[in-house]
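**Q** Below is target.cif; it holds mmCIF, C-alpha atoms.
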```cif
data_structure
#
loop_
_atom_site.label_atom_id
_atom_site.label_comp_id
_atom_site.auth_asym_id
_atom_site.auth_seq_id
_atom_site.Cartn_x
_atom_site.Cartn_y
_atom_site.Cartn_z
CA MET S 1 -29.80 -6.44 22.97
CA SER S 2 -26.47 -5.38 24.51
CA THR S 3 -24.86 -1.98 23.87
CA ARG S 4 -21.93 -3.77 22.28
CA SER S 5 -24.20 -5.62 19.84
CA LEU S 6 -25.89 -2.36 18.80
CA THR S 7 -22.51 -0.72 18.31
CA THR S 8 -21.24 -3.63 16.23
CA ILE S 9 -24.35 -3.64 14.03
CA PHE S 10 -24.07 0.14 13.56
CA VAL S 11 -20.43 -0.14 12.49
CA PHE S 12 -21.31 -2.97 10.09
CA LEU S 13 -24.10 -0.91 8.50
CA VAL S 14 -21.79 2.07 8.10
CA LEU S 15 -19.13 -0.19 6.58
CA ILE S 16 -21.41 -1.73 3.93
CA SER S 17 -23.09 1.58 3.07
CA MET S 18 -19.90 3.58 2.50
CA LYS S 19 -20.05 5.38 -0.84
CA LEU S 20 -17.61 4.43 -3.54
CA THR S 21 -17.24 8.04 -4.61
CA ALA S 22 -14.32 9.53 -2.70
CA TYR S 23 -14.36 13.03 -1.27
CA SER S 24 -12.54 15.65 -3.29
CA GLU S 25 -12.39 18.69 -1.02
CA PRO S 26 -9.25 19.26 1.12
CA MET S 27 -9.66 18.75 4.84
CA SER S 28 -10.49 21.82 6.88
CA GLY S 29 -7.45 23.34 8.50
CA GLN S 30 -5.08 22.49 5.65
CA SER S 31 -2.90 25.31 4.47
CA PRO S 32 -2.46 25.91 0.72
CA SER S 33 1.23 25.01 1.02
CA GLN S 34 0.25 21.44 1.91
CA LEU S 35 -1.44 20.94 -1.45
CA SER S 36 0.69 19.95 -4.42
CA PRO S 37 0.97 22.81 -6.95
CA PRO S 38 0.19 22.23 -10.64
CA LEU S 39 3.06 20.66 -12.53
CA GLU S 40 3.82 21.05 -16.21
CA ILE S 41 3.81 17.78 -18.15
CA SER S 42 7.38 16.57 -18.43
CA ASN S 43 8.91 14.45 -21.18
CA ALA S 44 8.48 10.76 -20.46
CA CYS S 45 10.62 8.04 -21.98
CA ILE S 46 10.63 4.28 -22.48
CA GLN S 47 13.57 2.50 -20.87
CA ASP S 48 14.88 -1.04 -21.09
CA PHE S 49 15.00 -3.02 -17.86
CA THR S 50 16.87 -6.07 -16.62
CA GLU S 51 14.90 -8.93 -15.08
CA HIS S 52 16.20 -10.70 -11.96
CA ARG S 53 15.06 -13.64 -9.88
CA VAL S 54 16.00 -12.92 -6.28
CA GLN S 55 16.14 -15.96 -4.01
CA HIS S 56 14.20 -15.90 -0.76
CA GLY S 57 14.38 -19.26 0.96
CA GLU S 58 13.13 -21.85 -1.49
CA ASN S 59 11.26 -19.29 -3.58
CA ARG S 60 12.13 -16.54 -6.01
CA LEU S 61 11.02 -12.94 -6.35
CA TYR S 62 10.52 -11.32 -9.75
CA VAL S 63 12.47 -8.04 -10.01
CA ARG S 64 12.82 -5.37 -12.68
CA GLU S 65 15.83 -3.06 -12.58
CA TYR S 66 16.33 0.09 -14.64
CA ALA S 67 19.86 1.52 -14.87
CA GLY S 68 20.32 5.17 -13.91
CA THR S 69 21.63 7.68 -11.43
CA GLU S 70 21.97 6.89 -7.74
CA PRO S 71 20.66 6.49 -5.15
CA PRO S 72 18.28 3.75 -6.29
CA VAL S 73 14.54 4.12 -5.95
CA VAL S 74 12.72 0.97 -4.80
CA LEU S 75 9.03 1.07 -5.76
CA MET S 76 6.82 -1.30 -3.75
CA HIS S 77 3.23 -2.38 -4.33
CA GLY S 78 0.56 -3.23 -1.80
CA PHE S 79 -2.40 -5.55 -2.13
CA PRO S 80 -4.35 -6.49 -4.12
CA ASP S 81 -1.97 -5.38 -6.90
CA ASN S 82 1.61 -5.85 -8.16
CA LEU S 83 4.48 -3.91 -9.76
CA HIS S 84 2.23 -2.84 -12.66
CA LEU S 85 0.85 -0.29 -10.20
CA TYR S 86 3.82 1.89 -11.24
CA ASP S 87 3.47 1.46 -15.01
CA ARG S 88 2.30 5.06 -15.42
CA VAL S 89 5.04 6.46 -13.13
CA VAL S 90 8.15 4.72 -14.45
CA PRO S 91 8.30 6.64 -17.77
CA TYR S 92 8.53 9.90 -15.80
CA LEU S 93 11.39 8.60 -13.64
CA CYS S 94 13.59 8.37 -16.74
CA GLY S 95 17.33 8.19 -16.05
CA ARG S 96 17.05 7.16 -12.38
CA HIS S 97 18.18 3.78 -11.02
CA LEU S 98 14.85 2.02 -10.34
CA VAL S 99 13.98 -1.30 -8.78
CA LEU S 100 10.48 -2.78 -8.81
CA PHE S 101 9.51 -6.24 -7.58
CA ASP S 102 6.52 -8.43 -6.90
CA PHE S 103 6.23 -9.76 -3.36
CA LEU S 104 5.91 -13.54 -3.08
CA GLY S 105 2.41 -14.61 -4.04
CA TRP S 106 1.92 -11.64 -6.36
CA GLY S 107 2.54 -10.81 -10.00
CA GLN S 108 5.36 -12.84 -11.56
CA SER S 109 6.97 -13.94 -8.29
CA ASP S 110 6.57 -17.50 -7.03
CA LYS S 111 3.20 -18.31 -5.46
CA PRO S 112 3.73 -21.25 -3.08
CA LYS S 113 0.31 -22.40 -1.89
CA ARG S 114 1.33 -23.50 1.61
CA TYR S 115 3.52 -20.48 2.32
CA SER S 116 2.94 -18.47 5.49
CA TYR S 117 2.42 -15.06 3.91
CA THR S 118 3.03 -12.39 6.57
CA PHE S 119 4.01 -8.73 6.73
CA ASP S 120 7.19 -9.61 8.63
CA ASP S 121 8.18 -11.90 5.79
CA GLN S 122 7.57 -9.11 3.29
CA GLU S 123 10.17 -7.05 5.12
CA ALA S 124 12.56 -10.00 4.77
CA GLN S 125 11.75 -10.16 1.04
CA LEU S 126 12.60 -6.47 0.68
CA ASP S 127 15.85 -7.11 2.54
CA ALA S 128 16.70 -9.94 0.11
CA VAL S 129 16.15 -7.65 -2.88
CA ILE S 130 18.29 -4.86 -1.41
CA LYS S 131 21.15 -7.14 -0.42
CA GLN S 132 21.23 -9.41 -3.47
CA LEU S 133 21.15 -6.43 -5.86
CA GLY S 134 23.72 -4.57 -3.74
CA LEU S 135 21.59 -1.44 -3.40
CA GLN S 136 23.19 1.39 -1.44
CA GLN S 137 21.12 3.99 0.45
CA PRO S 138 17.86 3.12 -1.35
CA LEU S 139 14.98 5.55 -1.45
CA LEU S 140 12.05 3.33 -0.42
CA VAL S 141 8.68 4.14 -1.97
CA VAL S 142 5.83 2.39 -0.15
CA HIS S 143 2.15 2.19 -0.98
CA ASP S 144 -0.75 0.53 0.82
CA ALA S 145 0.25 -2.87 2.30
CA SER S 146 3.96 -2.41 1.55
CA GLY S 147 4.02 0.34 4.19
CA PRO S 148 4.82 -2.04 7.08
CA ALA S 149 7.66 -3.74 5.14
CA GLY S 150 9.27 -0.51 3.98
CA ILE S 151 8.84 1.46 7.19
CA ASN S 152 10.02 -1.40 9.41
CA TRP S 153 13.07 -1.94 7.16
CA ALA S 154 13.86 1.77 7.46
CA LEU S 155 13.54 1.63 11.26
CA ASP S 156 15.75 -1.48 11.40
CA HIS S 157 18.34 0.00 8.96
CA SER S 158 18.07 3.72 9.64
CA GLN S 159 21.54 4.74 8.48
CA GLU S 160 21.36 2.46 5.42
CA THR S 161 18.10 4.03 4.22
CA GLY S 162 18.45 6.87 1.74
CA GLY S 163 14.93 8.07 2.48
CA LEU S 164 11.25 7.18 2.57
CA VAL S 165 8.40 8.16 0.26
CA ILE S 166 5.01 7.27 1.72
CA LEU S 167 2.08 6.95 -0.70
CA ASN S 168 -1.40 6.28 0.77
CA THR S 169 -0.22 3.61 3.16
CA PHE S 170 -0.67 2.50 6.76
CA PHE S 171 1.57 1.36 9.59
CA HIS S 172 0.10 1.66 13.09
CA LEU S 173 -3.39 2.02 14.51
CA THR S 174 -4.75 5.57 14.44
CA PRO S 175 -8.32 6.90 14.62
CA SER S 176 -8.01 8.03 10.99
CA LEU S 177 -7.16 4.56 9.64
CA SER S 178 -10.08 3.08 7.69
CA ALA S 179 -9.94 -0.20 5.78
CA PRO S 180 -11.62 -0.71 2.42
CA GLU S 181 -14.76 -2.80 2.79
CA ALA S 182 -13.29 -5.90 1.11
CA ILE S 183 -10.21 -5.77 3.36
CA ALA S 184 -12.39 -5.34 6.46
CA ILE S 185 -14.18 -8.56 5.53
CA PHE S 186 -11.11 -10.64 4.63
CA ALA S 187 -9.03 -9.32 7.54
CA ASP S 188 -11.90 -9.66 10.05
CA LEU S 189 -11.41 -6.07 11.22
CA LEU S 190 -14.90 -5.47 12.60
CA GLU S 191 -13.99 -6.60 16.12
CA PHE S 192 -10.59 -4.90 15.74
CA ARG S 193 -12.18 -1.46 15.27
CA THR S 194 -15.25 -1.86 17.53
CA ALA S 195 -14.93 -0.86 21.20
CA ARG S 196 -15.98 -3.76 23.39
CA GLN S 197 -18.58 -3.01 26.02
CA VAL S 198 -18.84 -6.66 27.05
CA GLU S 199 -16.41 -9.51 26.40
CA PRO S 200 -18.11 -11.72 23.79
CA THR S 201 -18.40 -15.47 24.21
CA GLN S 202 -18.53 -15.87 20.41
CA PRO S 203 -16.63 -13.04 18.66
CA TRP S 204 -17.88 -11.77 15.34
CA SER S 205 -16.03 -13.26 12.41
CA PHE S 206 -16.22 -12.98 8.64
CA ALA S 207 -14.01 -16.06 8.21
CA ARG S 208 -16.71 -18.22 6.61
CA LEU S 209 -17.93 -15.39 4.40
CA SER S 210 -14.44 -14.43 3.21
CA GLN S 211 -13.57 -18.07 2.45
CA ALA S 212 -16.81 -18.50 0.51
CA ILE S 213 -15.97 -15.42 -1.57
CA ALA S 214 -12.42 -16.65 -2.17
CA ASP S 215 -13.73 -20.05 -3.28
CA ASP S 216 -16.21 -18.60 -5.78
CA SER S 217 -14.32 -17.09 -8.73
CA ARG S 218 -17.30 -15.09 -9.99
CA MET S 219 -18.06 -13.62 -6.59
CA PHE S 220 -14.39 -12.82 -5.94
CA ARG S 221 -14.04 -11.15 -9.35
CA TRP S 222 -17.13 -9.02 -8.74
CA LEU S 223 -15.85 -7.90 -5.33
CA TYR S 224 -12.39 -7.16 -6.73
CA PHE S 225 -13.70 -5.04 -9.61
CA TRP S 226 -16.14 -3.25 -7.30
CA GLN S 227 -13.56 -2.49 -4.62
CA VAL S 228 -10.34 -1.94 -6.57
CA GLY S 229 -12.22 -0.12 -9.30
CA SER S 230 -12.98 2.61 -6.76
CA PHE S 231 -9.25 3.15 -6.18
CA PHE S 232 -8.90 4.81 -9.62
CA ARG S 233 -10.10 8.33 -10.34
CA ASP S 234 -10.18 8.21 -14.14
CA LYS S 235 -12.40 5.83 -16.08
CA ALA S 236 -9.96 5.30 -18.96
CA VAL S 237 -7.11 4.38 -16.61
CA ARG S 238 -9.41 2.10 -14.61
CA GLU S 239 -10.54 0.27 -17.74
CA GLU S 240 -6.94 -0.22 -18.90
CA PHE S 241 -5.29 -1.32 -15.66
CA LEU S 242 -7.97 -3.01 -13.56
CA PRO S 243 -7.92 -6.17 -15.75
CA VAL S 244 -4.10 -6.10 -15.71
CA LEU S 245 -4.01 -6.11 -11.90
CA TYR S 246 -6.74 -8.76 -11.64
CA GLU S 247 -5.01 -11.17 -14.06
CA GLN S 248 -2.83 -12.62 -11.27
CA PHE S 249 -5.98 -13.82 -9.46
CA ASP S 250 -7.30 -15.55 -12.56
CA GLU S 251 -4.24 -17.69 -13.28
CA ASN S 252 -3.79 -21.38 -12.43
CA SER S 253 -1.13 -20.33 -9.92
CA SER S 254 -3.37 -17.78 -8.24
CA THR S 255 -2.65 -14.87 -5.91
CA ILE S 256 -5.74 -15.69 -3.83
CA PRO S 257 -3.85 -17.71 -1.12
CA ALA S 258 -1.43 -14.81 -0.57
CA PHE S 259 -4.31 -12.33 -0.43
CA VAL S 260 -6.27 -14.40 2.09
CA LYS S 261 -3.29 -15.14 4.37
CA LEU S 262 -1.93 -11.58 4.37
CA ASN S 263 -5.37 -10.31 5.33
CA LYS S 264 -5.48 -12.75 8.23
CA ASN S 265 -2.12 -11.35 9.41
CA LEU S 266 -3.17 -7.71 9.02
CA GLY S 267 -4.54 -7.15 12.52
CA ASP S 268 -1.48 -8.69 14.19
CA SER S 269 0.81 -6.59 12.00
CA ILE S 270 -0.94 -3.34 12.88
CA ARG S 271 -0.81 -4.21 16.60
CA ALA S 272 2.92 -4.98 16.40
CA ASN S 273 3.61 -1.82 14.43
CA SER S 274 1.65 0.23 16.97
CA GLN S 275 4.21 -0.90 19.55
CA ARG S 276 6.94 0.48 17.26
CA ALA S 277 5.17 3.77 16.50
CA PRO S 278 7.23 5.75 19.08
CA GLU S 279 10.35 4.82 17.06
CA LEU S 280 9.02 6.88 14.16
CA VAL S 281 9.69 10.04 16.15
CA GLY S 282 13.39 9.13 16.27
CA PHE S 283 13.74 8.36 12.56
CA ASP S 284 16.07 11.03 11.17
CA GLY S 285 16.13 10.06 7.49
CA PRO S 286 14.39 12.17 4.83
CA VAL S 287 10.67 11.43 4.49
CA ARG S 288 8.22 12.67 1.88
CA ILE S 289 4.49 11.98 2.26
CA ILE S 290 2.42 11.99 -0.96
CA PHE S 291 -1.24 11.08 -0.54
CA GLY S 292 -4.21 11.13 -2.85
CA ALA S 293 -6.47 13.32 -0.71
CA SER S 294 -9.65 11.82 -2.20
CA ASP S 295 -8.89 8.34 -0.84
CA PRO S 296 -11.63 7.71 1.76
CA TYR S 297 -9.68 4.83 3.32
CA LEU S 298 -5.96 5.65 3.69
CA ASN S 299 -6.95 9.26 3.73
CA ALA S 300 -5.63 12.81 4.06
CA GLU S 301 -6.09 12.73 7.84
CA LEU S 302 -3.89 9.64 8.01
CA ALA S 303 -1.28 11.50 5.94
CA GLN S 304 -1.33 14.27 8.53
CA ASP S 305 -0.90 11.66 11.29
CA PHE S 306 2.27 10.44 9.55
CA HIS S 307 3.46 14.02 9.13
CA ARG S 308 3.01 14.76 12.83
CA ILE S 309 4.92 11.68 14.02
CA LEU S 310 7.78 11.80 11.48
CA PRO S 311 9.81 14.92 12.37
CA THR S 312 11.80 15.15 9.11
CA SER S 313 8.80 14.71 6.81
CA ASP S 314 7.22 17.04 4.32
CA ILE S 315 3.74 16.45 2.95
CA PHE S 316 1.95 16.80 -0.38
CA LEU S 317 -1.77 16.14 -0.74
CA LEU S 318 -3.02 15.74 -4.30
CA PRO S 319 -6.62 16.97 -4.02
CA THR S 320 -8.46 14.86 -6.62
CA ALA S 321 -6.28 11.72 -6.56
CA ARG S 322 -7.69 8.59 -4.93
CA HIS S 323 -6.05 5.54 -3.40
CA TYR S 324 -3.99 4.74 -6.50
CA VAL S 325 -2.32 8.16 -6.42
CA GLN S 326 0.47 6.95 -8.74
CA MET S 327 -2.13 5.94 -11.33
CA ASP S 328 -4.17 9.15 -11.00
CA GLU S 329 -1.25 11.63 -10.97
CA PRO S 330 1.82 9.84 -12.40
CA GLU S 331 3.70 12.96 -13.52
CA ARG S 332 3.24 14.73 -10.19
CA VAL S 333 4.15 11.67 -8.16
CA ALA S 334 7.26 11.08 -10.28
CA HIS S 335 8.33 14.70 -9.89
CA LEU S 336 7.90 14.53 -6.13
CA ILE S 337 9.87 11.27 -5.94
CA LEU S 338 12.73 12.70 -8.02
CA THR S 339 12.93 15.83 -5.88
CA THR S 340 12.88 13.96 -2.56
CA ARG S 341 15.95 14.72 -0.48
CA THR S 342 18.13 11.70 0.32
CA ARG S 343 21.01 11.11 2.71
#
```
Represent the structure contained in this file as structure tokens.

**A**
Amino acid sequence: MSTRSLTTIFVFLVLISMKLTAYSEPMSGQSPSQLSPPLEISNACIQDFTEHRVQHGENRLYVREYAGTEPPVVLMHGFPDNLHLYDRVVPYLCGRHLVLFDFLGWGQSDKPKRYSYTFDDQEAQLDAVIKQLGLQQPLLVVHDASGPAGINWALDHSQETGGLVILNTFFHLTPSLSAPEAIAIFADLLEFRTARQVEPTQPWSFARLSQAIADDSRMFRWLYFWQVGSFFRDKAVREEFLPVLYEQFDENSSTIPAFVKLNKNLGDSIRANSQRAPELVGFDGPVRIIFGASDPYLNAELAQDFHRILPTSDIFLLPTARHYVQMDEPERVAHLILTTRTR
């Protein structure tokens, strides 16, 4: 058996045996100042919002807008979720101009079945929201798969960006970047992360497996609840919001095509963003990095990688929060968003 085959099998075994329980201890070498201090519980409020339908080509994006003080805060979801990811944060952002939206294929936005869902198009969707709502100097809050859209928009519109808040997200390829197991399968990332010793005649592929999972509603539901369930720290929050986030997959107009196609585009997006990574050094807008340090995937080491390459950034690691940092620590995340410096 070739060295490459042994390496690939080893990586696969590590991938499928990864524990769901996330680490909770800070990384060695972190100073206490890099850890978010305790925050007193603030007074939350319930606000009314205005619903918009923003046109993007032949399709429409669902948008919620809350009136408040400027500059506006644009809260973006990743996958496999939607704007409900911020349901626990919004009450603590009371009085601020907020904009939340579902990307095409997700939540209450249109879900065209034959659409070419890509990360580049998600940046264009963000641009449509900003322009059609007339947002000035927005503070862009990115999480997970919205990282490429938000960061690329900021690089392309540096002086028009009020600032960036980066929550457990990714952009370019780094040694610290680790995909959740379900994403590694659907995005076919095994070859992407395995060093090739010999050029294969038949590359490894999970294409048939991922399509079989997508076609079987029971299998897909099990995988979703297993994987996404691990993104929450607290059982009560998991039990309340996991069914809410899954609902979009269970509808007649399902999110599954968007999920499958975005995963197929993931490797290409990371490669393209890796070519842009040197531009991050020149970004002079305010940047705040807020990561759940107990996320084993988009982890504290990745947060430090962002901090090193973004010269204007500060960093806050929330020690016990997992991947859904805004669900685990909504008050702290809201406080850190509200106190982010903007242009």

**Q** Could you write out as a list in words the residues that the PyMOL selection byres ((chain S and resi 286) around 10) matches in the shown file?

**A**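 For this structure, the PyMOL selection byres ((chain S and resi 286) around 10) resolves to Leu139, Thr161, Gly162, Gly163, Leu164, Val165, Phe283, Asp284, Gly285, Val287, Arg288, Leu310, Pro311, Thr312, Ser313, Asp314, Thr340, Arg341, Thr342 and Arg343 of chain S.
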
**Q** Let me see the file: selected residues, C-alpha atoms, as a PDB file, keeping the file's coordinate frame.

**A**
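Contents of result20.pdb, as written:
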```pdb
ATOM      1  CA  LEU S 139      14.980   5.550  -1.450  1.00  0.00           C
ATOM      2  CA  THR S 161      18.100   4.030   4.220  1.00  0.00           C
ATOM      3  CA  GLY S 162      18.450   6.870   1.740  1.00  0.00           C
ATOM      4  CA  GLY S 163      14.930   8.070   2.480  1.00  0.00           C
ATOM      5  CA  LEU S 164      11.250   7.180   2.570  1.00  0.00           C
ATOM      6  CA  VAL S 165       8.400   8.160   0.260  1.00  0.00           C
ATOM      7  CA  PHE S 283      13.740   8.360  12.560  1.00  0.00           C
ATOM      8  CA  ASP S 284      16.070  11.030  11.170  1.00  0.00           C
ATOM      9  CA  GLY S 285      16.130  10.060   7.490  1.00  0.00           C
ATOM     10  CA  VAL S 287      10.670  11.430   4.490  1.00  0.00           C
ATOM     11  CA  ARG S 288       8.220  12.670   1.880  1.00  0.00           C
ATOM     12  CA  LEU S 310       7.780  11.800  11.480  1.00  0.00           C
ATOM     13  CA  PRO S 311       9.810  14.920  12.370  1.00  0.00           C
ATOM     14  CA  THR S 312      11.800  15.150   9.110  1.00  0.00           C
ATOM     15  CA  SER S 313       8.800  14.710   6.810  1.00  0.00           C
ATOM     16  CA  ASP S 314       7.220  17.040   4.320  1.00  0.00           C
ATOM     17  CA  THR S 340      12.880  13.960  -2.560  1.00  0.00           C
ATOM     18  CA  ARG S 341      15.950  14.720  -0.480  1.00  0.00           C
ATOM     19  CA  THR S 342      18.130  11.700   0.320  1.00  0.00           C
ATOM     20  CA  ARG S 343      21.010  11.110   2.710  1.00  0.00           C
TER      21      ARG S 343
END
```

**Q** Using the chain letters and numbers from the file, give me the residues hit by the PyMOL selection byres ((chain S and resi 228) around 10), as a PyMOL selection string.

**A** chain S and resi 79-81+180+182+223-227+229-232+238+242+245-246+323-324

**Q** Figure out the distance between atom CA of S:Asp102 and atom CA of S:Asp156, please, to one decimal in Å.

**A** 21.6 Å

**Q** Running the PyMOL selection byres ((chain S and resi 256) around 12) on this model by hand, what would come out? Give it as a ChimeraX atom specification.

**A** /S:79-81,104-107,111-114,117,186,210-211,213-217,220-221,224,246-255,257-263

**Q** Rounded to one decimal in Å, what is the spacing between atom CA of S:Glu329 and atom CA of S:Gly95?

**A**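 Taking atom CA of S:Glu329 and atom CA of S:Gly95, their separation equals 19.6 Å.
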
**Q** Padding of 8 Å on every side, edges along x, y and z, all listed atoms of stretch 211-229 of chain S included: what centre and edge lengths in Å, to one decimal, does that box have, as JSON?

**A**
```
{"center_x": -14.2, "center_y": -10.1, "center_z": -3.8, "size_x": 23.7, "size_y": 35.9, "size_z": 28.4}
```

**Q** Work out how far apart atom CA of S:Pro72 and atom CA of S:Leu98 are and give it in Å to one decimal.

**A**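 Atom-to-atom, atom CA of S:Pro72 to atom CA of S:Leu98, that is 5.6 Å.
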
**Q** So which residues touch stretch 144-146 of chain S within 7 Å, counting all atoms listed in the file, skipping near sequence neighbours fewer than 3 positions away, as a PyMOL selection string?

**A** chain S and resi 76-79+149-150+168-170

**Q** If we count only C-alpha atoms, what is near S:Asn299 at a cut-off of 8 Å, once residues fewer than 5 positions away on the same chain are taken out, given as a list in words?

**A** Asn168, Ser176, Leu177, Ser178, Phe291, Gly292, Ala293 and Ser294 of chain S

**Q** Deliver the residues from the most recent selection as a file, using C-alpha atoms, as an mmCIF file, in the coordinates of the input.

**A**
```
data_model
loop_
_atom_site.group_PDB
_atom_site.id
_atom_site.type_symbol
_atom_site.label_atom_id
_atom_site.label_comp_id
_atom_site.auth_asym_id
_atom_site.auth_seq_id
_atom_site.Cartn_x
_atom_site.Cartn_y
_atom_site.Cartn_z
ATOM 1 C CA ASN S 168 -1.400 6.280 0.770
ATOM 2 C CA SER S 176 -8.010 8.030 10.990
ATOM 3 C CA LEU S 177 -7.160 4.560 9.640
ATOM 4 C CA SER S 178 -10.080 3.080 7.690
ATOM 5 C CA PHE S 291 -1.240 11.080 -0.540
ATOM 6 C CA GLY S 292 -4.210 11.130 -2.850
ATOM 7 C CA ALA S 293 -6.470 13.320 -0.710
ATOM 8 C CA SER S 294 -9.650 11.820 -2.200
#
```

**Q** Measuring atom to atom with only C-alpha atoms, identify which of S:Ala124, S:Leu318, S:Asp110, S:Pro138 is nearest to S:Val73.

**A** S:Pro138

**Q** With distances taken over only C-alpha atoms, which of S:Thr174, S:Gln326, S:Thr69, S:Gln122 is nearest to S:Ile309?

**A** S:Thr174

**Q** For S:Gly57, please output as a PDB file with C-alpha atoms, in the frame of the given file all residues within 10 Å (counting all atoms listed in the file; exclusion window: fewer than 2 positions along the same chain).

**A**
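Generated file (selection_33.pdb):
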```
ATOM      1  CA  VAL S  54      16.000 -12.920  -6.280  1.00  0.00           C
ATOM      2  CA  GLN S  55      16.140 -15.960  -4.010  1.00  0.00           C
ATOM      3  CA  ASN S  59      11.260 -19.290  -3.580  1.00  0.00           C
ATOM      4  CA  ARG S  60      12.130 -16.540  -6.010  1.00  0.00           C
ATOM      5  CA  GLN S 125      11.750 -10.160   1.040  1.00  0.00           C
ATOM      6  CA  ALA S 128      16.700  -9.940   0.110  1.00  0.00           C
TER       7      ALA S 128
END
```

**Q** Excluding same-chain residues fewer than 4 positions from S:Pro148, what lies within 8 Å of it counting only C-alpha atoms, as a ChimeraX atom specification?

**A** /S:119,123,152,170-171,269,273

**Q** Need to verify the contact set: S:Arg96, 10 Å, all atoms listed in the file, exclusion of same-chain residues closer than 4 positions in sequence. Can you return it as a list in words?

**A**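 The neighbour list is Tyr66, Ala67, Gly68, Thr69, Glu70, Pro71, Pro72, Val73, Val90, Tyr92 and Leu338 of chain S.
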